[in-house]
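The file input.txt contains compact mmCIF, C-alpha atoms:
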```txt
# COMPACT_ATOMS: atom_id res chain seq x y z
CA MET S 683 4.72 91.27 156.03
CA SER S 684 5.68 94.90 156.66
CA ARG S 685 3.69 95.97 153.63
CA LEU S 686 0.67 94.04 154.89
CA PHE S 687 1.04 95.75 158.28
CA PHE S 688 0.84 99.20 156.74
CA VAL S 689 -2.05 98.18 154.52
CA PHE S 690 -4.11 97.28 157.58
CA PHE S 691 -2.75 100.30 159.45
CA GLY S 692 -3.90 102.52 156.58
CA MET S 693 -7.33 100.87 156.59
CA ILE S 694 -7.64 101.63 160.29
CA LEU S 695 -6.86 105.28 159.57
CA ILE S 696 -9.50 105.36 156.83
CA LEU S 697 -12.19 103.68 158.90
CA GLY S 698 -11.73 106.14 161.75
CA PRO S 699 -10.85 106.22 165.47
CA THR S 700 -10.77 102.93 167.33
CA PRO S 701 -10.82 102.67 171.13
CA VAL S 702 -7.51 101.42 172.54
CA ASN S 703 -7.31 100.71 176.29
CA GLY S 704 -10.25 103.00 176.85
CA GLN S 705 -8.63 105.91 175.01
CA VAL S 706 -9.67 107.24 171.63
CA PRO S 707 -7.05 108.50 169.15
CA ILE S 708 -7.91 112.04 168.25
CA GLU S 709 -5.70 112.47 165.18
CA HIS S 710 -3.67 110.51 162.69
CA ARG S 711 -1.25 112.24 160.39
CA GLN S 712 1.74 111.64 158.20
CA SER S 713 4.87 113.74 158.34
CA ASP S 714 8.27 113.80 156.67
CA ALA S 715 11.26 113.80 158.99
CA ILE S 716 15.06 113.66 159.09
CA VAL S 717 17.01 111.09 161.11
CA VAL S 718 19.11 113.16 163.55
CA ARG S 719 20.52 110.44 165.80
CA ILE S 720 20.88 106.65 165.77
CA LEU S 721 20.54 105.33 169.31
CA GLU S 722 20.80 101.61 168.60
CA GLN S 723 21.07 99.18 165.71
CA VAL S 724 20.23 95.52 166.19
CA ILE S 725 20.98 92.92 163.50
CA GLN S 726 18.57 90.00 163.61
CA GLU S 727 19.48 86.42 162.72
CA SER S 728 17.53 86.86 159.49
CA GLY S 729 19.87 89.68 158.44
CA LEU S 730 17.20 92.38 158.88
CA PHE S 731 17.74 95.44 161.06
CA ASP S 732 15.94 97.00 164.00
CA TYR S 733 16.74 100.65 164.70
CA HIS S 734 16.15 102.87 167.70
CA PHE S 735 16.57 106.44 166.46
CA VAL S 736 15.52 110.06 166.84
CA ALA S 737 13.85 111.89 163.96
CA ARG S 738 12.96 115.56 163.59
CA THR S 739 9.83 116.39 161.57
CA GLU S 740 9.40 119.25 159.14
CA TYR S 741 7.62 121.13 161.94
CA GLY S 742 10.54 120.81 164.37
CA GLU S 743 9.03 118.02 166.46
CA GLU S 744 11.36 115.25 167.64
CA PHE S 745 10.28 111.64 168.08
CA THR S 746 12.14 108.60 169.36
CA ILE S 747 11.22 105.68 167.15
CA ASP S 748 11.69 101.95 167.54
CA THR S 749 11.38 100.18 164.18
CA SER S 750 10.51 96.90 165.90
CA GLU S 751 7.16 98.55 166.66
CA SER S 752 6.79 99.82 163.09
CA TYR S 753 7.75 96.67 161.19
CA LEU S 754 6.78 93.13 162.10
CA SER S 755 10.16 91.62 161.30
CA GLY S 756 12.69 94.42 160.93
CA ILE S 757 13.72 96.41 157.87
CA GLY S 758 15.99 95.38 155.01
CA PHE S 759 17.75 98.70 154.33
CA ASP S 760 20.40 100.73 156.14
CA LEU S 761 19.30 103.78 158.06
CA ASP S 762 21.80 106.61 158.62
CA VAL S 763 21.83 110.08 160.15
CA GLY S 764 20.52 112.58 157.60
CA ASP S 765 18.19 110.12 155.85
CA SER S 766 14.74 111.44 155.02
CA VAL S 767 11.92 109.24 156.30
CA SER S 768 8.15 109.25 156.41
CA LEU S 769 6.43 108.87 159.79
CA GLN S 770 2.92 107.90 160.81
CA ILE S 771 2.02 109.94 163.90
CA THR S 772 -0.88 109.04 166.19
CA GLU S 773 -1.87 111.69 168.67
CA GLU S 774 -3.70 110.40 171.74
CA ASP S 775 -4.72 111.96 175.02
CA SER S 776 -1.53 110.56 176.54
CA GLY S 777 0.68 112.09 173.84
CA ALA S 778 1.90 111.57 170.30
CA ILE S 779 3.45 108.29 169.12
CA ALA S 780 5.39 108.03 165.85
CA TYR S 781 6.04 104.97 163.73
CA LEU S 782 8.42 104.59 160.81
CA GLU S 783 6.41 104.21 157.62
CA ASP S 784 9.18 104.21 155.02
CA ILE S 785 12.39 105.84 153.88
CA HIS S 786 12.39 108.47 151.13
CA ARG S 787 14.15 107.11 148.05
CA GLU S 788 12.92 109.57 145.40
CA LYS S 789 16.30 111.26 144.89
CA ASN S 790 18.09 107.95 144.36
CA LEU S 791 15.40 106.85 141.92
CA VAL S 792 15.95 110.04 139.92
CA TRP S 793 19.64 109.21 139.63
CA MET S 794 18.82 105.65 138.55
CA VAL S 795 16.51 106.98 135.84
CA PHE S 796 19.24 109.37 134.69
CA ILE S 797 21.78 106.51 134.45
CA PHE S 798 19.27 104.39 132.54
CA ALA S 799 18.56 107.21 130.08
CA LEU S 800 22.27 107.94 129.64
CA ILE S 801 23.05 104.30 128.82
CA ALA S 802 20.13 104.13 126.38
CA ILE S 803 21.31 107.28 124.57
CA VAL S 804 25.03 106.43 124.52
CA VAL S 805 24.50 102.89 123.23
CA GLY S 806 21.35 103.39 121.16
CA ARG S 807 22.14 106.95 120.01
CA TRP S 808 19.19 108.34 118.03
CA ARG S 809 17.24 105.10 118.46
CA GLY S 810 17.86 105.35 122.18
CA VAL S 811 16.42 108.87 122.25
CA LEU S 812 13.36 107.70 120.33
CA SER S 813 12.90 104.75 122.67
CA LEU S 814 12.91 107.11 125.65
CA LEU S 815 10.28 109.27 123.96
CA GLY S 816 8.25 106.11 123.41
CA LEU S 817 8.62 105.25 127.08
CA ILE S 818 7.24 108.66 128.01
CA VAL S 819 4.27 108.03 125.71
CA THR S 820 3.69 104.64 127.34
CA ILE S 821 3.71 106.11 130.85
CA GLY S 822 1.40 108.91 129.71
CA VAL S 823 -1.13 106.45 128.24
CA LEU S 824 -1.04 104.24 131.33
CA PHE S 825 -1.47 107.00 133.91
CA GLY S 826 -3.43 109.42 131.75
CA TYR S 827 -5.92 106.97 130.24
CA LEU S 828 -5.76 103.31 131.28
CA PHE S 829 -5.60 103.50 135.07
CA PRO S 830 -8.20 106.31 135.47
CA THR S 831 -10.50 104.54 132.99
CA ILE S 832 -10.39 101.26 134.90
CA LEU S 833 -10.92 103.03 138.24
CA ALA S 834 -13.91 104.82 136.73
CA GLY S 835 -15.62 101.44 136.35
CA ASN S 836 -15.03 100.77 132.64
CA ASP S 837 -14.27 97.27 131.36
CA PRO S 838 -10.58 96.61 132.15
CA ILE S 839 -10.00 94.33 129.14
CA THR S 840 -11.44 96.73 126.57
CA SER S 841 -9.58 99.66 128.12
CA THR S 842 -6.30 97.70 128.13
CA VAL S 843 -6.69 96.67 124.49
CA ILE S 844 -7.31 100.29 123.43
CA ALA S 845 -4.34 101.53 125.46
CA SER S 846 -2.11 98.75 124.10
CA ILE S 847 -2.98 99.54 120.49
CA VAL S 848 -2.20 103.23 121.03
CA ILE S 849 1.09 102.41 122.76
CA LEU S 850 2.11 99.96 120.03
CA ALA S 851 1.11 102.28 117.19
CA VAL S 852 3.09 105.21 118.58
CA ASN S 853 6.11 103.35 119.92
CA MET S 854 6.70 101.02 116.98
CA HIS S 855 6.59 103.80 114.39
CA LEU S 856 8.50 106.20 116.62
CA SER S 857 11.31 103.73 117.32
CA HIS S 858 11.49 102.02 113.93
CA GLY S 859 10.36 104.69 111.51
CA LEU S 860 7.26 105.52 109.47
CA ARG S 861 7.69 102.84 106.83
CA ARG S 862 5.67 100.00 105.39
CA GLN S 863 7.73 97.34 107.16
CA THR S 864 6.97 98.87 110.55
CA PHE S 865 3.27 99.13 109.77
CA LEU S 866 3.19 95.45 108.77
CA ALA S 867 4.91 94.57 112.06
CA PHE S 868 2.28 96.62 113.87
CA LEU S 869 -0.48 94.64 112.13
CA GLY S 870 1.17 91.39 113.21
CA THR S 871 1.40 92.64 116.77
CA THR S 872 -2.26 93.66 116.73
CA VAL S 873 -3.27 90.14 115.69
CA GLY S 874 -1.03 88.82 118.48
CA LEU S 875 -2.81 91.14 120.92
CA ILE S 876 -6.16 89.66 119.88
CA LEU S 877 -4.73 86.20 120.49
CA VAL S 878 -3.55 87.23 123.96
CA VAL S 879 -7.08 88.41 124.81
CA PHE S 880 -8.53 85.14 123.52
CA PHE S 881 -6.16 82.84 125.41
CA THR S 882 -6.39 84.96 128.55
CA LYS S 883 -10.19 84.77 128.66
CA VAL S 884 -10.28 81.05 127.89
CA PHE S 885 -7.56 80.10 130.36
CA ILE S 886 -9.00 82.26 133.15
CA TYR S 887 -12.43 80.71 132.59
CA PHE S 888 -11.22 77.10 132.66
CA GLY S 889 -8.79 77.94 135.46
CA SER S 890 -11.72 79.20 137.59
CA LEU S 891 -9.80 82.28 138.74
CA SER S 892 -11.52 84.94 140.83
CA GLY S 893 -8.97 87.73 140.40
CA ILE S 894 -8.78 88.43 144.16
CA ALA S 895 -6.15 85.91 145.22
CA SER S 896 -3.58 88.57 146.12
CA GLU S 897 -3.92 91.04 148.97
CA GLU S 898 -3.50 94.01 146.58
CA ALA S 899 -6.37 92.86 144.35
CA THR S 900 -8.58 92.25 147.38
CA ILE S 901 -7.93 95.70 148.84
CA LEU S 902 -8.50 97.32 145.43
CA PHE S 903 -11.83 95.52 145.14
CA TRP S 904 -12.93 96.49 148.66
CA GLU S 905 -11.73 100.07 148.76
CA THR S 906 -12.47 101.55 145.33
CA GLY S 907 -16.06 100.40 144.93
CA SER S 908 -15.80 101.03 141.18
CA VAL S 909 -13.89 97.87 140.24
CA ASN S 910 -16.77 95.45 139.91
CA LEU S 911 -14.94 92.70 138.01
CA PRO S 912 -11.65 91.84 139.76
CA VAL S 913 -11.09 89.00 137.27
CA GLY S 914 -11.00 91.70 134.58
CA ILE S 915 -8.11 93.39 136.38
CA LEU S 916 -6.24 90.08 136.35
CA ALA S 917 -6.91 89.66 132.61
CA ALA S 918 -5.84 93.24 131.92
CA GLY S 919 -2.55 92.64 133.72
CA ILE S 920 -1.86 89.51 131.68
CA ILE S 921 -2.62 91.31 128.42
CA LEU S 922 -0.51 94.33 129.30
CA GLY S 923 2.44 92.16 130.33
CA ALA S 924 2.45 90.32 126.99
CA VAL S 925 2.24 93.39 124.75
CA GLY S 926 5.91 94.37 124.99
CA VAL S 927 7.09 90.87 124.10
CA LEU S 928 4.77 90.73 121.09
CA ASP S 929 6.25 94.02 119.90
CA ASP S 930 9.75 92.57 120.11
CA VAL S 931 8.81 89.41 118.19
CA ALA S 932 6.99 91.25 115.39
CA ILE S 933 9.76 93.81 114.89
CA THR S 934 12.45 91.12 114.90
CA GLN S 935 10.68 89.06 112.25
CA SER S 936 10.05 92.18 110.20
CA GLU S 937 13.73 93.09 110.27
CA VAL S 938 14.73 89.52 109.41
CA VAL S 939 12.52 89.59 106.32
CA SER S 940 13.84 93.02 105.37
CA GLU S 941 17.45 91.82 105.58
CA LEU S 942 16.67 88.70 103.54
CA LEU S 943 15.10 90.90 100.87
CA LEU S 944 18.16 93.14 100.77
CA ALA S 945 20.39 90.09 100.32
CA ASN S 946 18.23 88.68 97.54
CA PRO S 947 15.37 90.85 96.19
CA ASN S 948 14.27 87.99 93.92
CA THR S 949 13.31 85.69 96.80
CA THR S 950 9.74 84.41 96.50
CA LYS S 951 7.26 84.98 99.30
CA LYS S 952 7.26 81.29 100.15
CA GLU S 953 11.05 81.08 100.36
CA LEU S 954 11.13 84.31 102.35
CA PHE S 955 8.60 82.99 104.86
CA VAL S 956 10.39 79.64 105.26
CA ARG S 957 13.81 81.24 105.82
CA ALA S 958 12.48 83.86 108.22
CA MET S 959 10.65 81.18 110.22
CA ARG S 960 13.93 79.29 110.73
CA ILE S 961 15.20 82.31 112.61
CA GLY S 962 11.80 82.86 114.20
CA ARG S 963 11.82 79.40 115.77
CA HIS S 964 15.10 80.21 117.50
CA HIS S 965 13.51 83.43 118.70
CA ILE S 966 10.51 81.48 120.00
CA ALA S 967 12.74 79.12 121.98
CA SER S 968 14.65 81.93 123.69
CA THR S 969 11.67 84.22 124.25
CA VAL S 970 9.44 81.51 125.72
CA ASN S 971 12.17 80.71 128.23
CA THR S 972 12.55 84.42 128.94
CA LEU S 973 8.83 84.81 129.60
CA VAL S 974 8.79 81.92 132.04
CA LEU S 975 11.78 83.33 133.93
CA VAL S 976 10.31 86.85 134.02
CA TYR S 977 7.00 85.68 135.46
CA ALA S 978 8.70 83.24 137.84
CA GLY S 979 10.98 86.04 139.03
CA ALA S 980 8.05 88.39 139.62
CA ALA S 981 6.20 85.70 141.59
CA LEU S 982 9.27 84.29 143.36
CA PRO S 983 8.07 85.10 146.91
CA VAL S 984 4.77 83.35 146.18
CA PHE S 985 6.46 80.20 144.89
CA LEU S 986 8.96 80.11 147.75
CA LEU S 987 6.20 80.60 150.31
CA PHE S 988 4.18 77.66 149.05
CA VAL S 989 7.20 75.42 148.62
CA TYR S 990 8.23 76.32 152.17
CA GLY S 991 4.78 75.31 153.35
CA ASP S 992 5.56 71.71 152.36
CA LEU S 993 2.45 71.39 150.22
CA THR S 994 1.72 68.41 148.03
CA THR S 995 2.03 68.88 144.27
CA LYS S 996 -1.75 68.90 143.97
CA GLU S 997 -2.16 71.52 146.70
CA PHE S 998 0.58 73.66 145.19
CA PHE S 999 -0.90 73.82 141.69
CA ASN S 1000 -4.45 74.12 143.04
CA ASN S 1001 -3.64 77.35 144.91
CA GLU S 1002 -5.06 80.35 143.05
CA LEU S 1003 -1.96 82.52 143.41
CA VAL S 1004 0.14 79.82 141.77
CA ALA S 1005 -2.53 79.16 139.14
CA GLU S 1006 -2.58 82.88 138.27
CA GLU S 1007 1.13 82.89 137.47
CA ILE S 1008 0.89 79.67 135.45
CA ILE S 1009 -2.03 81.00 133.40
CA ARG S 1010 -0.28 84.36 133.00
CA THR S 1011 2.71 82.55 131.49
CA LEU S 1012 0.73 80.14 129.31
CA ALA S 1013 -1.65 82.73 127.84
CA GLY S 1014 1.16 85.08 126.89
CA THR S 1015 3.35 82.30 125.55
CA CYS S 1016 0.64 80.76 123.36
CA ALA S 1017 -0.05 84.13 121.76
CA LEU S 1018 3.68 84.79 121.41
CA VAL S 1019 4.36 81.55 119.56
CA LEU S 1020 1.50 82.14 117.12
CA THR S 1021 2.54 85.77 116.59
CA VAL S 1022 5.86 84.67 115.07
CA PRO S 1023 4.40 83.07 111.88
CA ILE S 1024 1.66 85.72 111.70
CA SER S 1025 4.09 88.66 111.87
CA THR S 1026 6.44 86.87 109.46
CA TRP S 1027 3.62 86.49 106.94
CA PHE S 1028 2.71 90.17 107.26
CA ALA S 1029 6.37 91.09 106.73
CA THR S 1030 6.46 89.18 103.43
CA LEU S 1031 3.86 91.60 102.06
CA ALA S 1032 6.58 94.19 101.57
CA PRO S 1033 6.47 95.69 98.04
CA ARG S 1034 10.01 94.64 97.02
CA VAL S 1035 9.21 90.93 96.85
CA VAL S 1036 9.46 89.48 93.34
CA ASP S 1037 7.65 86.24 92.51
CA LYS S 1038 9.89 84.07 90.27
CA SER S 1039 6.93 82.38 88.61
CA HIS S 1040 5.77 85.77 87.23
CA LYS S 1041 9.32 86.83 86.40
CA HIS S 1042 9.76 83.95 83.89
CA HIS S 1043 6.65 85.05 82.03
```

As structure tokens - that is how I would like this structure written.
Amino acid sequence: MSRLFFVFFGMILILGPTPVNGQVPIEHRQSDAIVVRILEQVIQESGLFDYHFVARTEYGEEFTIDTSESYLSGIGFDLDVGDSVSLQITEEDSGAIAYLEDIHREKNLVWMVFIFALIAIVVGRWRGVLSLLGLIVTIGVLFGYLFPTILAGNDPITSTVIASIVILAVNMHLSHGLRRQTFLAFLGTTVGLILVVFFTKVFIYFGSLSGIASEEATILFWETGSVNLPVGILAAGIILGAVGVLDDVAITQSEVVSELLLANPNTTKKELFVRAMRIGRHHIASTVNTLVLVYAGAALPVFLLFVYGDLTTKEFFNNELVAEEIIRTLAGTCALVLTVPISTWFATLAPRVVDKSHKHH
């Protein structure tokens, strides 16, 4: 609810001054500040906190702030003297009023990223370094191409497919080497990507989704003016979320086939496919369950909210927010399951396979 409060608060700032009790705000601004004194801390029954504290801005101004006026139901993090916060300041004829917008967590996030990178390098060694380089490429493609392209009014699905192919092509070969086996895995993943697009479009159509069920999607549609097809944003998100899992499946099957070939270079393509699929089916079982848990975890507040509302089963599944998550899971999972035999077949095209029927001749 606090996020929704600041969304509407931000929209008020964008739309301009609004009369309040006959007075007109003359300025709205944001300022960084440091907490210099905690006057009171109240713990609510819900476990959230309300703080009454003094903060000094970067310009030397001091404001006394009550978080119960900034957040609708308290805040979920500890606030201590010396913490850096962001304030929304409204200057009226009667004086300036400051509200807590959020706490600055950038420094802690930097440390978390450092720990993540350290673990990846220590455990993965050279592969870990390459995976981090691939991550940088992924972030660069997303923020340098995909997001600006969608905001410019281009088709979200086409833009996402192009970005996904670039990300897969670079990351798979960077992490697993420039070799034929990796290229064959990339081809399998590309076919899987096409399947994701197909199932996503079909399921969204028959699911009658609008793409504006969430508050974020609605605000994006209203505010940007360039996003004319919100359902395309929903489809792009489903496609993008499935790409990483398809990569994992294709590479795993490729490595399985490679190891089987090393164990017995005389294995026929048919035998190789059958044996690799035995392992692939186990991978399907675990990955499908993983996908469901990942999407359910991401949408946990939505599910809890509707279950709390004591809805009937029909009402629950008929709600668009719930339907979005179900279709997101089903579209990705259908493509994932089909990608396993497809990527396995591509992997059997490796040049070391010897066909026994030709060997006898």

**OP:** Skip region 972-984 of chain S itself and residues of its chain fewer than 5 positions away, then list as a PyMOL selection string all residues within 10 Å of it, counting only C-alpha atoms.
**Re:** chain S and resi 896+923-924+927+966-967+989-990+1003-1004+1006-1008+1010-1012+1014-1015+1018

Skip region 781-794 of chain S itself and residues of its chain fewer than 2 positions away, then list as a compact mmCIF listing (two decimals) with C-alpha atoms, in the frame of the given file all residues within 6 Å of it, counting only C-alpha atoms.
```txt
# COMPACT_ATOMS: atom_id res chain seq x y z
CA SER S 752 6.79 99.82 163.09
CA SER S 766 14.74 111.44 155.02
CA VAL S 767 11.92 109.24 156.30
CA SER S 768 8.15 109.25 156.41
CA LEU S 769 6.43 108.87 159.79
CA GLN S 770 2.92 107.90 160.81
CA PHE S 796 19.24 109.37 134.69
CA ILE S 797 21.78 106.51 134.45
```

Subject >> Atom-to-atom span, CA of Leu866 (chain S) and CA of Thr1030 (chain S), Å >> reply: 8.9 Å

**OP:** Dig up all the protein and nucleic acid residues within 9 Å of (-9.7, 97.8, 129.8) in the file frame, using only C-alpha atoms, and format them as a PyMOL selection string.
**Re:** chain S and resi 828-829+831-832+836-845+914-915+918

Subject >> Residue among S:Asn948, S:Asn1001, S:Gln935, S:Thr864 lying closest to Ser892 (chain S), counting only C-alpha atoms >> reply: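 Distance minimum relative to Ser892 (chain S) lands on S:Asn1001.
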
**OP:** Record the distance separating CA of Ile818 (chain S) and CA of Gly806 (chain S), expressed in Å with one decimal.
**Re:**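 The value is 16.5 Å.
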
Original post:
Closest to Gly756 (chain S) among S:Tyr733, S:Phe998, S:Phe985, S:Phe825, using all atoms listed in the file?
Top reply: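 Distance minimum relative to Gly756 (chain S) lands on S:Tyr733.
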
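Ranking S:Cys1016, S:Val736, S:Ile920, S:Ile847 by their shortest atom-to-atom distance to Gly893 (chain S), with all atoms listed in the file included, puts S:Ile920 first.
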
**OP:** Choose the residue, out of S:Val931, S:Gly926, S:Leu800, S:Thr1026, that has the smallest atom-to-atom separation from Arg957 (chain S); count all atoms listed in the file.
**Re:** S:Thr1026

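Picture a line from CA of Gln863 (chain S) to CA of Ala945 (chain S); it runs 16.1 Å.
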
**OP:** Identify which of the residues S:Ala899, S:Ala834, S:Ala1017, S:Ile933 lies closest to Thr882 (chain S), counting all atoms listed in the file when measuring atom-to-atom distances.
**Re:** S:Ala1017

Original post:
Can you tell me, as a PyMOL selection string, which residues sit within 10 Å of (2.8, 87.9, 116.2) in the file's frame, using all atoms listed in the file?
Top reply: chain S and resi 867-877+927-933+935+1017-1028

Subject >> Residue among S:Ile961, S:Leu824, S:Val925, S:Leu860 lying closest to Val938 (chain S), counting all atoms listed in the file >> reply: S:Ile961

**OP:** Excluding Ile771 (chain S) and residues on its chain fewer than 6 positions from it, collect all residues at most 9 Å away from it, counting only C-alpha atoms, and give them as a PyMOL selection string.
**Re:** chain S and resi 709-713+778-782

Polymer residues at most 8 Å from Val718 (chain S), all atoms listed in the file, same-chain spacing of 6 or more positions, as a PDB file with C-alpha atoms, in the frame of the given file:
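Result written to result23.pdb:
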```pdb
ATOM      1  CA  PHE S 735      16.570 106.440 166.460  1.00  0.00           C
ATOM      2  CA  VAL S 736      15.520 110.060 166.840  1.00  0.00           C
ATOM      3  CA  ALA S 737      13.850 111.890 163.960  1.00  0.00           C
ATOM      4  CA  ARG S 738      12.960 115.560 163.590  1.00  0.00           C
ATOM      5  CA  VAL S 763      21.830 110.080 160.150  1.00  0.00           C
ATOM      6  CA  GLY S 764      20.520 112.580 157.600  1.00  0.00           C
TER       7      GLY S 764
END
```
